[in-house]
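Peer 1: Encoded as C-alpha cells, here's the structure I'll be asking about.
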Amino acid sequence: MVVTLLSDFGDVYPASMKGVILSINPSVNMVDISHSVPRHDVRAGAFMLMTCARYFPSCTVHIAVVDPGVGTERRGIAIRAGSADGSEQCFIGPDNGLLIPAARSIGESEVYEITNKNLFLPCISSTFHGRDVFAPVGAHISKGLQIGNVGRRIFDFVDLDFGEGEKKDGCLSGKIIFIDQFGNIVTNIHSKVVEFKPGDVLEIQKKRVLFHKSYGFCRKGEPLALIGSHSYLEIAVNQGNAAVFFNKKAGEEITVRKIT
Amino acid sequence: MVVTLLSDFGDVYPASMKGVILSINPSVNMVDISHSVPRHDVRAGAFMLMTCARYFPSCTVHIAVVDPGVGTERRGIAIRAGSADGSEQCFIGPDNGLLIPAARSIGESEVYEITNKNLFLPCISSTFHGRDVFAPVGAHISKGLQIGNVGRRIFDFVDLDFGEGEKKDGCLSGKIIFIDQFGNIVTNIHSKVVEFKPGDVLEIQKKRVLFHKSYGFCRKGEPLALIGSHSYLEIAVNQGNAAVFFNKKAGEEITVRKIT
Amino acid sequence: MVVTLLSDFGDVYPASMKGVILSINPSVNMVDISHSVPRHDVRAGAFMLMTCARYFPSCTVHIAVVDPGVGTERRGIAIRAGSADGSEQCFIGPDNGLLIPAARSIGESEVYEITNKNLFLPCISSTFHGRDVFAPVGAHISKGLQIGNVGRRIFDFVDLDFGEGEKKDGCLSGKIIFIDQFGNIVTNIHSKVVEFKPGDVLEIQKKRVLFHKSYGFCRKGEPLALIGSHSYLEIAVNQGNAAVFFNKKAGEEITVRKIT
C-alpha cells in the first residue's frame with residue numbers, strides 16, 4: 001500500500017512521521033511528494049499535491065501537513081475521493097483547504113472530521129500533529145481502516161479553489177497559482193482554452209514572448225510560453241527564472257495576448 | 001525490516017549506501033532521517049537521531065554517519081538498545097558520541113566494536129566508511145545477524161550527553177542543544193521541569209516573551225516560548241527565525257525567568 | 001525489484017514519476033540517487049550515476065533524466081549492461097550521453113531506442129518525458145519486460161566519456177570531471193596511475209598540497225589530495241571548499257606534480 005507525504009517541515013521532522021507509520025503498517029511503501037513547501041503556504045502545498053495525486057495508484061493515502069493553525073481549534077480531516085473508474089484515494093491533513101484541490105482532481109469526495117483519539121499517538125504535542133495525529137490516522141487507513149471510523153462526515157470544510165483562467169476581450173486572462181523552484185510561472189489557464197500554435201507571438205507583461213512546444217526550441221535566456229506538464233499555460237525562461245524576468249508573484253493576475 | 005540513514009553527506013553519496021544495503025537485504029524498507037546534518041557536527045546529528053529513534057518500530061537498524069575522523073584510528077561501533085517493553089533497536093556508526101543519546105532514549109544499551117572484516121565491502125576506501133563498512137554491517141544486522149558477530153563488546157566508547165536544564169535561583173537555566181533549519185531554539189530544559197501556563201510572561205535574553213501552547217496563538221514575527229515536539233522548552237518566532245532574533249548559537253547557555 | 005531515479009527536477013516532479021512507477025509495479029523499491037543535478041548538466045548527472053550504479057544489486061533499473069532536449073527530436077534509450085559475473089542492470093533515459101558512463105561501469109552494453117508507445121502514459125506532455133515515457137518504460141522493465149520490447153537496437157547513440165588522466169613529463173595530468181556539493185574536486189586521474197604515499201608533498205595550481213589517506217589527517221582549512229571514494233584522485237580542503245580555494249571548475253585541466 002502506498003502512503004505519500006507532503007509538508008513544509010523540511011528536514012528531520014518527516015522521519016518521525018515515517019517511524020510512526022511503519023510502526024502501524026510495516027509493509028507500506030512511502031513516497032515523499034515534498035517537504036519543501038514554502039513555510040505555511042497552504043496554496044502552494046495544495047497545488048503541489050493536486051499535480052501529483054492523479055499519478056498514484058488506487059488506494060493511495062496522501063498525508064499532507066501545511067498547518068499554520070496547528071494546536072489551535074482548527075480541525076483535522078480525512079477525505080475519500082473516488083473516480084469514475086472505481087479507483088479511490090484518501091487524503092489526510094488539516095482542514096484549511098490544503099487537501100481539497102487534490103481530492104477534487106481525483107473525483108467525488110467525502111470529507112470526515114478526525115476526532116477518534118484511539119487512532120492517535122498516546123501523547124499529542126501541540127505543535128506536531130503531523131506525527132501525533134495525521135501519520136497514525138493515515139497509517140491505519142492504509143492498513144484497511146474504513147474512513148468513517150475517523151469521525152463524522154462534515155460538509156462545512158474549508159474550501160480552496162484555484163479558479164480557471166478564461167478568454168476575455170481577445171486575451172487569455174488568469175492568475176498565477178504557483179511558481180516552481182526554477183522560477184517557472186504556472187497559471188490557472190488550462191490547456192483546453194489555449195489555442196496558440198508553436199511559433200505564435202504573444203504579449204505578456206508588455207514583453208514579446210513566443211509560444212513553443214518545449215524548452216528545447218528556444219535559446220538560453222529567452223522567455224517562452226508553453227503548455228506545462230500540469231496541463232496549464234506556463235511562462236518560462238529557457239534555463240532562466242521567469243518569475244524574476246517578469247517580476248511576478250503567486251496570486252497575481254496575468255494576461256496573455258496574441259500579437260501574430 | 002526498517003533501516004534508517006542519517007549523515008552529513010548531502011546529495012548522491014547516500015545512494016551508494018542504499019545500493020549496498022539492498023544488495024545484502026533486498027526486502028529492507030529504508031528511511032532517510034536526514035543527510036543535511038551540518039557538516040562534521042556530531043552533536044547536531046546526535047540530537048536529530050535521538051528525537052526520531054523512539055518513533056520507529058522494534059528491530060529498526062539506524063545507520064548514522066557524521067564522521068570527521070573517517071580513515072583515522074577511530075573505531076566503528078554497533079549498539080543494541082533494549083527498552084523495558086521488550087522491543088529493541090540497533091545503531092551503527094562511528095565511535096564519536098553520535099549514537100549514544102539516541103540509544104539511551106530507547107533504553108539499556110550494549111556497545112560492540114565493529115572489527116569483523118567479513119561483513120565489510122571487499123575494498124574499503126579511506127573516506128567513505130558509510131558505504132564500505134557501516135552500510136553492509138547494518139544490512140547484515142537488519143537481516144538477522146546477531147550483533148555480537150560484529151566484534152567484542154566494549155565499555156570505553158566515546159560518550160555524549162546533552163545535560164539537563166534545571167531550576168536555579170527562581171529561573172530555568174540550561175543550554176541550547178539544537179537550532180533547527182527554521183531557527184527555532186531547542187533547549188535541554190525538559191518539559192517535566194517547566195511549570196509555565198499559556199499566557200505567562202517570561203524574560204529571555206532581556207526580551208519579553210509569552211509562553212504559548214503553539215505557534216498559532218501569537219502574531220507573525222512575535223517571539224514565543226513553548227514545549228516543542230521533542231518535549232523540551234523551545235524558543236521560537238512565529239514564522240520567523242529565533243536564533244537570529246535572540247542572537248544565539250547551539251551550545252550557548254540560556255536562562256528563562258518568569259515575570260508574571 | 002529496485003528502481004533508482006536521478007534527475008535535475010529538484011522538488012515535487014519526481015513524485016509524479018514515482019506514482020506512475022508504483023501504478024505499474026506496486027512492489028518496487030525506489031531509491032533516489034539525486035534530483036539536484038545542476039540543471040541541464042548532463043556530464044554531472046552522468047558522473048553521479050556512474051559512481052553509484054555498481055553498488056546496486058543485479059536487475060536494478062536506473063531511470064535518469066537530465067534532458068535539455070525534451071520535446072525535440074532527441075531519442076529515448078534503454079540500455080542493458082551485463083557484467084562478467086552474470087549480473088545485469090538497465091538504464092533508461094534520454095540519448096544524450098547521460099547513461100553511457102554508468103552502463104560501461106557495469107559492463108558490456110546493448111542500447112535500444114525507446115519507440116513502443118504502448119508502454120507510455122496515454123497523454124505525453126512535451127516537457128516531462130520523465131513522467132510520461134521513462135518512468136512507465138522503466139517500471140515495465142522492472143516488472144520483467146524484455147528490453148527488446150522497447151524498440152530496435154541502435155549503435156549510433158550519443159557517447160560520453162570522461163577520459164583518463166595520465167602521467168606526462170613527470171606530472172599527473174587530467175581533467176576535473178566533477179565538483180561535489182562541498183567543493184571537492186574530482187579528477188579523471190584513476191587511483192591505478194597514482195603512486196603517491198601519505199605525506200608526499202605535491203604542487204597543484206602553484207600551491208603546496210600534502211597527499212593524505214583521509215581528511216582526518218590534516219587541519220581544518222588545509223588543502224589535501226587523496227584517493228576519493230570514487231577511486232579517482234580528489235583535491236579537497238578539510239572542512240572547506242577546494243573549488244573556491246583553487247579557483248577551478250568542472251571541465252578544466254589539472255596538473256599534479258610531486259615535489260618531495
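Convention: chains lettered A, B, ... in C-alpha cells order; per-chain residue numbering from 1; ligands numbered from 1 as shown.
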If you run DSSP over the backbone, which residues in region 78-134 of chain C end up strand (DSSP E or B)? Put them as a PyMOL selection string.

Peer 2: chain C and resi 78-82+88-94+108-113

Peer 1: Selection from above, N, CA and C atoms, as a compact mmCIF listing (two decimals), in the first residue's frame, can you write it?

Peer 2:
# COMPACT_ATOMS: atom_id res chain seq x y z
N ALA C 78 17.04 2.76 -23.88
CA ALA C 78 17.12 1.82 -22.75
C ALA C 78 18.36 0.96 -23.00
N ILE C 79 19.14 0.77 -21.95
CA ILE C 79 20.40 0.03 -22.08
C ILE C 79 20.38 -1.17 -21.14
N ARG C 80 20.78 -2.32 -21.66
CA ARG C 80 21.07 -3.45 -20.78
C ARG C 80 22.57 -3.60 -20.68
N ALA C 81 23.08 -3.55 -19.45
CA ALA C 81 24.53 -3.68 -19.23
C ALA C 81 24.77 -4.93 -18.40
N GLY C 82 25.57 -5.84 -18.94
CA GLY C 82 25.82 -7.10 -18.23
C GLY C 82 27.26 -7.16 -17.77
N GLU C 88 23.21 -8.11 -14.22
CA GLU C 88 22.98 -7.06 -15.20
C GLU C 88 22.13 -5.95 -14.62
N GLN C 89 22.22 -4.76 -15.20
CA GLN C 89 21.43 -3.63 -14.78
C GLN C 89 20.89 -2.94 -16.02
N CYS C 90 19.77 -2.23 -15.88
CA CYS C 90 19.21 -1.48 -17.00
C CYS C 90 19.22 0.00 -16.71
N PHE C 91 19.34 0.77 -17.78
CA PHE C 91 19.40 2.23 -17.70
C PHE C 91 18.40 2.80 -18.70
N ILE C 92 17.56 3.74 -18.24
CA ILE C 92 16.51 4.32 -19.07
C ILE C 92 16.66 5.83 -19.05
N GLY C 93 16.61 6.49 -20.19
CA GLY C 93 16.70 7.95 -20.20
C GLY C 93 16.92 8.49 -21.59
N PRO C 94 17.25 9.78 -21.69
CA PRO C 94 17.44 10.42 -22.99
C PRO C 94 18.77 9.98 -23.63
N GLU C 108 29.46 -4.89 -20.57
CA GLU C 108 29.02 -4.88 -21.96
C GLU C 108 27.59 -4.35 -22.07
N SER C 109 27.38 -3.39 -22.96
CA SER C 109 26.08 -2.74 -23.02
C SER C 109 25.42 -2.88 -24.38
N GLU C 110 24.11 -3.10 -24.37
CA GLU C 110 23.29 -3.06 -25.58
C GLU C 110 22.32 -1.90 -25.44
N VAL C 111 22.24 -1.06 -26.49
CA VAL C 111 21.41 0.14 -26.43
C VAL C 111 20.20 -0.02 -27.35
N TYR C 112 19.01 0.27 -26.84
CA TYR C 112 17.77 0.16 -27.61
C TYR C 112 17.08 1.51 -27.64
N GLU C 113 16.53 1.86 -28.80
CA GLU C 113 15.75 3.10 -28.90
C GLU C 113 14.34 2.86 -28.37

Peer 1: Using 6 Å as the limit and counting only C-alpha atoms, can you tabulate each residue of chain B that touches chain A, with its shortest atom-to-atom distance in Å and the two atoms involved, as a tab-separated table?

Peer 2:
residue	atom	partner	partner_atom	distance
B:Ile33	CA	A:Ala15	CA	5.0
B:Ser34	CA	A:Val12	CA	5.5
B:Cys52	CA	A:Ser16	CA	5.0
B:Tyr55	CA	A:Gly19	CA	4.9
B:Phe56	CA	A:Gly19	CA	4.1
B:Pro57	CA	A:Ser23	CA	4.6
B:Ser214	CA	A:Gly71	CA	5.5
B:Gly216	CA	A:Gly69	CA	4.9
B:Ser229	CA	A:Ser125	CA	5.7

Peer 1: Keeping only N, CA and C atoms, write the selected residues as a PDB file, in the first residue's frame.

Peer 2:
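Saved the output as out_37.pdb:
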ATOM      1  N   ILE B  33      16.568   9.770   7.642  1.00  0.00           N
ATOM      2  CA  ILE B  33      16.266  10.723   8.717  1.00  0.00           C
ATOM      3  C   ILE B  33      16.732  12.103   8.279  1.00  0.00           C
ATOM      4  N   SER B  34      17.973  12.209   7.881  1.00  0.00           N
ATOM      5  CA  SER B  34      18.494  13.445   7.302  1.00  0.00           C
ATOM      6  C   SER B  34      19.840  13.155   6.699  1.00  0.00           C
ATOM      7  N   CYS B  52      14.172  11.169  16.743  1.00  0.00           N
ATOM      8  CA  CYS B  52      13.393  10.321  15.832  1.00  0.00           C
ATOM      9  C   CYS B  52      13.314   8.872  16.275  1.00  0.00           C
ATOM     10  N   TYR B  55      10.328   6.698  17.638  1.00  0.00           N
ATOM     11  CA  TYR B  55       9.100   6.546  16.861  1.00  0.00           C
ATOM     12  C   TYR B  55       9.158   5.364  15.895  1.00  0.00           C
ATOM     13  N   PHE B  56      10.320   4.732  15.792  1.00  0.00           N
ATOM     14  CA  PHE B  56      10.461   3.623  14.843  1.00  0.00           C
ATOM     15  C   PHE B  56      10.125   2.289  15.511  1.00  0.00           C
ATOM     16  N   PRO B  57       9.713   1.317  14.695  1.00  0.00           N
ATOM     17  CA  PRO B  57       9.303   0.032  15.260  1.00  0.00           C
ATOM     18  C   PRO B  57      10.483  -0.756  15.823  1.00  0.00           C
ATOM     19  N   SER B 214       1.142  26.829  21.341  1.00  0.00           N
ATOM     20  CA  SER B 214       1.547  26.545  19.961  1.00  0.00           C
ATOM     21  C   SER B 214       1.738  27.849  19.200  1.00  0.00           C
ATOM     22  N   GLY B 216       0.251  29.004  16.613  1.00  0.00           N
ATOM     23  CA  GLY B 216      -0.964  29.634  16.099  1.00  0.00           C
ATOM     24  C   GLY B 216      -1.548  30.673  17.035  1.00  0.00           C
ATOM     25  N   SER B 229       7.916  19.795  20.037  1.00  0.00           N
ATOM     26  CA  SER B 229       7.516  18.417  19.764  1.00  0.00           C
ATOM     27  C   SER B 229       8.536  17.405  20.293  1.00  0.00           C
TER      28      SER B 229
END

Peer 1: Contacts of Asp161 (chain A) at 9 Å or less, counting only C-alpha atoms, minus same-chain residues fewer than 5 places along, as a list in words?

Peer 2: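 Answer for this query is Gly97, Ile100 and Pro101 of chain A.
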
Peer 1: Give me a file of those residues, with N, CA and C atoms, as a compact mmCIF listing (two decimals), in the first residue's frame.

Peer 2:
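Just written: selection.txt:
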# COMPACT_ATOMS: atom_id res chain seq x y z
N GLY A 97 -8.03 23.77 3.55
CA GLY A 97 -8.07 23.87 2.10
C GLY A 97 -7.00 23.07 1.39
N ILE A 100 -8.11 19.93 -0.66
CA ILE A 100 -9.32 19.98 -1.48
C ILE A 100 -9.05 19.91 -2.98
N PRO A 101 -8.15 20.75 -3.54
CA PRO A 101 -7.95 20.65 -5.00
C PRO A 101 -7.47 19.26 -5.44

Peer 1: Please, what distance in Å, to one decimal, runs between CA of Lys192 (chain A) and CA of Lys175 (chain A)?

Peer 2: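 It comes out at 15.9 Å.
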
Peer 1: All Cα atoms, paired in order, least squares: that's the fit I need for chain B onto chain A, output as a compact mmCIF listing (two decimals) with C-alpha atoms, in the first residue's frame.

Peer 2:
# COMPACT_ATOMS: atom_id res chain seq x y z
CA MET B 1 0.01 -0.02 0.01
CA VAL B 2 1.32 3.45 -0.88
CA VAL B 3 1.42 6.40 1.53
CA THR B 4 2.67 9.78 0.33
CA LEU B 5 3.86 12.63 2.52
CA LEU B 6 3.81 16.35 1.81
CA SER B 7 4.72 19.08 4.30
CA ASP B 8 6.62 22.28 4.97
CA PHE B 9 8.69 20.51 7.64
CA GLY B 10 11.96 20.43 5.70
CA ASP B 11 14.46 18.08 7.24
CA VAL B 12 14.29 15.55 10.14
CA TYR B 13 10.65 16.03 11.21
CA PRO B 14 9.22 13.84 8.37
CA ALA B 15 11.34 10.91 9.63
CA SER B 16 9.38 10.74 12.90
CA MET B 17 6.16 10.57 10.88
CA LYS B 18 7.61 7.68 8.87
CA GLY B 19 8.59 5.84 12.03
CA VAL B 20 5.04 6.19 13.34
CA ILE B 21 3.58 4.96 10.04
CA LEU B 22 5.91 1.94 9.86
CA SER B 23 5.13 1.04 13.47
CA ILE B 24 1.46 0.70 12.49
CA ASN B 25 1.80 -0.62 8.93
CA PRO B 26 5.23 -2.18 8.31
CA SER B 27 4.52 -3.11 4.68
CA VAL B 28 3.76 0.40 3.48
CA ASN B 29 5.62 1.93 0.53
CA MET B 30 6.21 5.61 1.36
CA VAL B 31 6.82 8.39 -1.17
CA ASP B 32 7.82 11.95 -0.32
CA ILE B 33 5.99 14.41 -2.55
CA SER B 34 7.78 17.36 -0.97
CA HIS B 35 8.83 18.61 2.43
CA SER B 36 9.94 21.95 0.99
CA VAL B 37 6.57 23.61 0.58
CA PRO B 38 7.25 27.30 1.37
CA ARG B 39 6.53 27.54 5.09
CA HIS B 40 2.84 27.92 5.95
CA ASP B 41 1.96 28.41 2.25
CA VAL B 42 -1.23 26.35 2.08
CA ARG B 43 -1.95 27.32 -1.54
CA ALA B 44 1.48 26.21 -2.80
CA GLY B 45 1.15 22.91 -0.94
CA ALA B 46 -2.35 22.39 -2.32
CA PHE B 47 -1.07 22.94 -5.85
CA MET B 48 1.85 20.51 -5.43
CA LEU B 49 -0.42 17.79 -4.06
CA MET B 50 -2.99 18.36 -6.79
CA THR B 51 -0.44 17.95 -9.59
CA CYS B 52 0.86 14.61 -8.27
CA ALA B 53 -2.12 12.79 -6.81
CA ARG B 54 -3.67 11.53 -10.05
CA TYR B 55 -0.48 9.63 -10.94
CA PHE B 56 -0.66 7.40 -7.87
CA PRO B 57 -2.38 4.02 -7.80
CA SER B 58 -5.83 3.40 -6.36
CA CYS B 59 -5.94 3.19 -2.55
CA THR B 60 -3.01 5.54 -2.09
CA VAL B 61 -3.20 7.50 1.17
CA HIS B 62 -1.82 11.05 0.99
CA ILE B 63 -0.80 12.64 4.30
CA ALA B 64 -0.29 16.37 3.81
CA VAL B 65 0.59 18.86 6.52
CA VAL B 66 0.99 22.58 5.92
CA ASP B 67 -0.60 23.72 9.08
CA PRO B 68 -0.08 27.23 10.46
CA GLY B 69 -3.02 26.63 12.81
CA VAL B 70 -1.63 23.51 14.52
CA GLY B 71 -2.51 23.38 18.19
CA THR B 72 -5.46 25.78 17.81
CA GLU B 73 -9.07 24.69 17.31
CA ARG B 74 -8.69 24.03 13.56
CA ARG B 75 -10.00 20.59 12.67
CA GLY B 76 -8.23 17.64 11.08
CA ILE B 77 -9.94 15.93 8.16
CA ALA B 78 -9.79 12.74 6.12
CA ILE B 79 -11.18 12.66 2.59
CA ARG B 80 -12.16 9.72 0.41
CA ALA B 81 -12.10 10.71 -3.26
CA GLY B 82 -13.47 8.23 -5.78
CA SER B 83 -12.98 8.45 -9.51
CA ALA B 84 -15.39 7.35 -12.24
CA ASP B 85 -13.33 4.20 -12.95
CA GLY B 86 -13.89 2.90 -9.42
CA SER B 87 -10.45 3.71 -8.07
CA GLU B 88 -10.16 5.87 -4.96
CA GLN B 89 -7.57 7.74 -2.92
CA CYS B 90 -7.56 9.14 0.61
CA PHE B 91 -6.23 12.46 1.87
CA ILE B 92 -5.37 13.22 5.50
CA GLY B 93 -4.45 16.62 6.93
CA PRO B 94 -5.62 19.92 8.42
CA ASP B 95 -8.96 21.48 7.47
CA ASN B 96 -7.51 24.56 5.79
CA GLY B 97 -8.06 23.88 2.10
CA LEU B 98 -4.76 22.06 1.55
CA LEU B 99 -6.34 18.74 0.52
CA ILE B 100 -9.32 19.98 -1.48
CA PRO B 101 -7.93 20.66 -4.99
CA ALA B 102 -6.12 17.29 -4.98
CA ALA B 103 -9.20 15.39 -3.80
CA ARG B 104 -11.32 17.10 -6.48
CA SER B 105 -8.73 16.18 -9.13
CA ILE B 106 -9.47 12.53 -8.33
CA GLY B 107 -13.27 12.80 -8.24
CA GLU B 108 -16.28 12.84 -5.92
CA SER B 109 -15.10 13.49 -2.37
CA GLU B 110 -16.47 12.75 1.09
CA VAL B 111 -14.92 14.71 3.97
CA TYR B 112 -14.73 13.36 7.53
CA GLU B 113 -13.62 15.19 10.67
CA ILE B 114 -10.83 13.38 12.54
CA THR B 115 -11.94 13.01 16.16
CA ASN B 116 -11.31 9.34 17.07
CA LYS B 117 -8.52 9.66 19.65
CA ASN B 118 -8.00 5.89 19.70
CA LEU B 119 -6.16 6.29 16.41
CA PHE B 120 -3.74 8.96 17.68
CA LEU B 121 -0.39 8.53 19.45
CA PRO B 122 -0.82 8.31 23.24
CA CYS B 123 0.77 11.76 23.77
CA ILE B 124 -0.33 14.58 21.47
CA SER B 125 2.09 17.52 21.22
CA SER B 126 0.69 20.97 20.49
CA THR B 127 2.97 21.59 17.56
CA PHE B 128 3.38 18.36 15.61
CA HIS B 129 0.03 16.83 14.70
CA GLY B 130 1.72 15.50 11.54
CA ARG B 131 3.47 12.95 13.74
CA ASP B 132 0.93 12.53 16.54
CA VAL B 133 -2.40 12.62 14.65
CA PHE B 134 -2.19 12.58 10.86
CA ALA B 135 0.57 9.95 10.48
CA PRO B 136 -1.15 7.32 12.66
CA VAL B 137 -4.59 8.02 11.15
CA GLY B 138 -3.15 7.70 7.63
CA ALA B 139 -1.31 4.52 8.55
CA HIS B 140 -4.47 2.92 9.92
CA ILE B 141 -6.38 3.81 6.74
CA SER B 142 -3.53 2.40 4.60
CA LYS B 143 -3.99 -0.83 6.58
CA GLY B 144 -7.67 -1.02 5.71
CA LEU B 145 -9.49 1.02 8.36
CA GLN B 146 -12.79 2.34 6.93
CA ILE B 147 -12.62 6.11 6.71
CA GLY B 148 -15.91 6.53 8.59
CA ASN B 149 -14.07 5.36 11.71
CA VAL B 150 -12.05 8.57 11.98
CA GLY B 151 -15.12 10.66 12.86
CA ARG B 152 -18.39 12.05 11.46
CA ARG B 153 -18.86 13.24 7.91
CA ILE B 154 -18.82 17.03 7.55
CA PHE B 155 -19.88 19.44 4.81
CA ASP B 156 -18.58 22.77 6.11
CA PHE B 157 -14.88 22.09 5.47
CA VAL B 158 -12.62 24.97 4.41
CA ASP B 159 -12.63 25.17 0.63
CA LEU B 160 -9.83 26.20 -1.73
CA ASP B 161 -10.16 26.74 -5.45
CA PHE B 162 -7.52 27.99 -7.88
CA GLY B 163 -10.19 29.30 -10.27
CA GLU B 164 -9.93 29.00 -14.02
CA GLY B 165 -8.42 31.51 -16.40
CA GLU B 166 -10.61 32.47 -19.34
CA LYS B 167 -10.84 34.25 -22.67
CA LYS B 168 -11.80 37.93 -22.26
CA ASP B 169 -11.63 40.74 -24.84
CA GLY B 170 -9.48 38.61 -27.15
CA CYS B 171 -6.97 37.86 -24.39
CA LEU B 172 -6.39 34.96 -22.04
CA SER B 173 -6.75 36.24 -18.54
CA GLY B 174 -5.99 34.34 -15.36
CA LYS B 175 -3.97 34.11 -12.17
CA ILE B 176 -0.58 32.76 -11.21
CA ILE B 177 -1.21 29.75 -9.00
CA PHE B 178 2.34 28.55 -8.49
CA ILE B 179 5.92 29.49 -9.13
CA ASP B 180 8.17 26.46 -9.09
CA GLN B 181 11.69 26.26 -7.69
CA PHE B 182 13.14 27.22 -11.09
CA GLY B 183 10.99 30.35 -11.37
CA ASN B 184 8.60 28.88 -13.94
CA ILE B 185 5.23 30.64 -13.73
CA VAL B 186 2.22 28.30 -13.67
CA THR B 187 -1.09 30.00 -14.46
CA ASN B 188 -4.63 28.76 -13.91
CA ILE B 189 -5.27 28.96 -17.69
CA HIS B 190 -6.00 25.36 -18.67
CA SER B 191 -4.73 23.95 -21.97
CA LYS B 192 -8.31 23.42 -23.12
CA VAL B 193 -8.83 27.19 -23.58
CA VAL B 194 -5.40 27.80 -25.14
CA GLU B 195 -5.48 27.85 -28.94
CA PHE B 196 -1.92 29.03 -29.69
CA LYS B 197 0.34 27.19 -32.14
CA PRO B 198 4.11 26.83 -31.89
CA GLY B 199 5.64 29.98 -33.29
CA ASP B 200 2.76 32.29 -32.33
CA VAL B 201 3.94 35.62 -30.93
CA LEU B 202 2.35 36.66 -27.64
CA GLU B 203 2.46 39.76 -25.47
CA ILE B 204 2.83 39.11 -21.75
CA GLN B 205 3.52 41.96 -19.33
CA LYS B 206 4.43 44.22 -22.27
CA LYS B 207 7.06 41.71 -23.36
CA ARG B 208 7.15 39.77 -26.65
CA VAL B 209 7.08 36.04 -25.96
CA LEU B 210 6.95 33.10 -28.38
CA PHE B 211 4.69 30.12 -27.82
CA HIS B 212 6.64 26.87 -28.08
CA LYS B 213 6.07 23.17 -27.63
CA SER B 214 9.00 22.78 -25.23
CA TYR B 215 12.08 24.47 -23.79
CA GLY B 216 14.43 22.89 -26.34
CA PHE B 217 13.04 25.08 -29.12
CA CYS B 218 14.31 28.41 -27.88
CA ARG B 219 17.65 29.87 -26.89
CA LYS B 220 19.11 30.06 -23.41
CA GLY B 221 17.78 33.13 -21.62
CA GLU B 222 14.78 33.59 -23.96
CA PRO B 223 11.26 33.75 -22.51
CA LEU B 224 8.63 31.36 -23.82
CA ALA B 225 5.05 30.31 -23.14
CA LEU B 226 4.06 26.67 -23.30
CA ILE B 227 1.59 24.11 -22.04
CA GLY B 228 3.42 22.75 -19.00
CA SER B 229 3.38 19.23 -17.64
CA HIS B 230 0.44 20.17 -15.37
CA SER B 231 -1.72 20.98 -18.47
CA TYR B 232 -1.78 24.68 -17.64
CA LEU B 233 -0.27 27.56 -19.58
CA GLU B 234 3.20 28.19 -18.18
CA ILE B 235 5.58 31.05 -18.75
CA ALA B 236 9.26 30.23 -18.58
CA VAL B 237 12.71 31.47 -19.46
CA ASN B 238 14.86 28.75 -21.01
CA GLN B 239 17.47 27.92 -18.36
CA GLY B 240 16.46 31.09 -16.55
CA ASN B 241 13.98 32.39 -13.96
CA ALA B 242 10.68 33.66 -15.39
CA ALA B 243 9.35 34.95 -12.06
CA VAL B 244 12.35 37.29 -11.85
CA PHE B 245 12.29 38.13 -15.59
CA PHE B 246 8.60 39.12 -15.50
CA ASN B 247 8.67 40.35 -11.88
CA LYS B 248 5.60 38.30 -10.91
CA LYS B 249 4.45 36.54 -7.75
CA ALA B 250 2.00 33.75 -6.99
CA GLY B 251 -1.54 35.09 -6.69
CA GLU B 252 -1.05 37.94 -9.17
CA GLU B 253 -3.14 38.42 -12.33
CA ILE B 254 -1.66 37.63 -15.72
CA THR B 255 -2.89 38.49 -19.21
CA VAL B 256 -1.70 36.88 -22.44
CA ARG B 257 -2.48 38.47 -25.80
CA LYS B 258 -1.70 37.01 -29.20
CA ILE B 259 0.03 39.53 -31.50
CA THR B 260 0.66 37.39 -34.61

Peer 1: As a PyMOL selection string, which residues of region 30-245 of chain B does DSSP assign to helix (DSSP H, G or I)?

Peer 2: chain B and resi 42-53+100-106+117-119+129-142+147-150+191-193+215-217+242-245
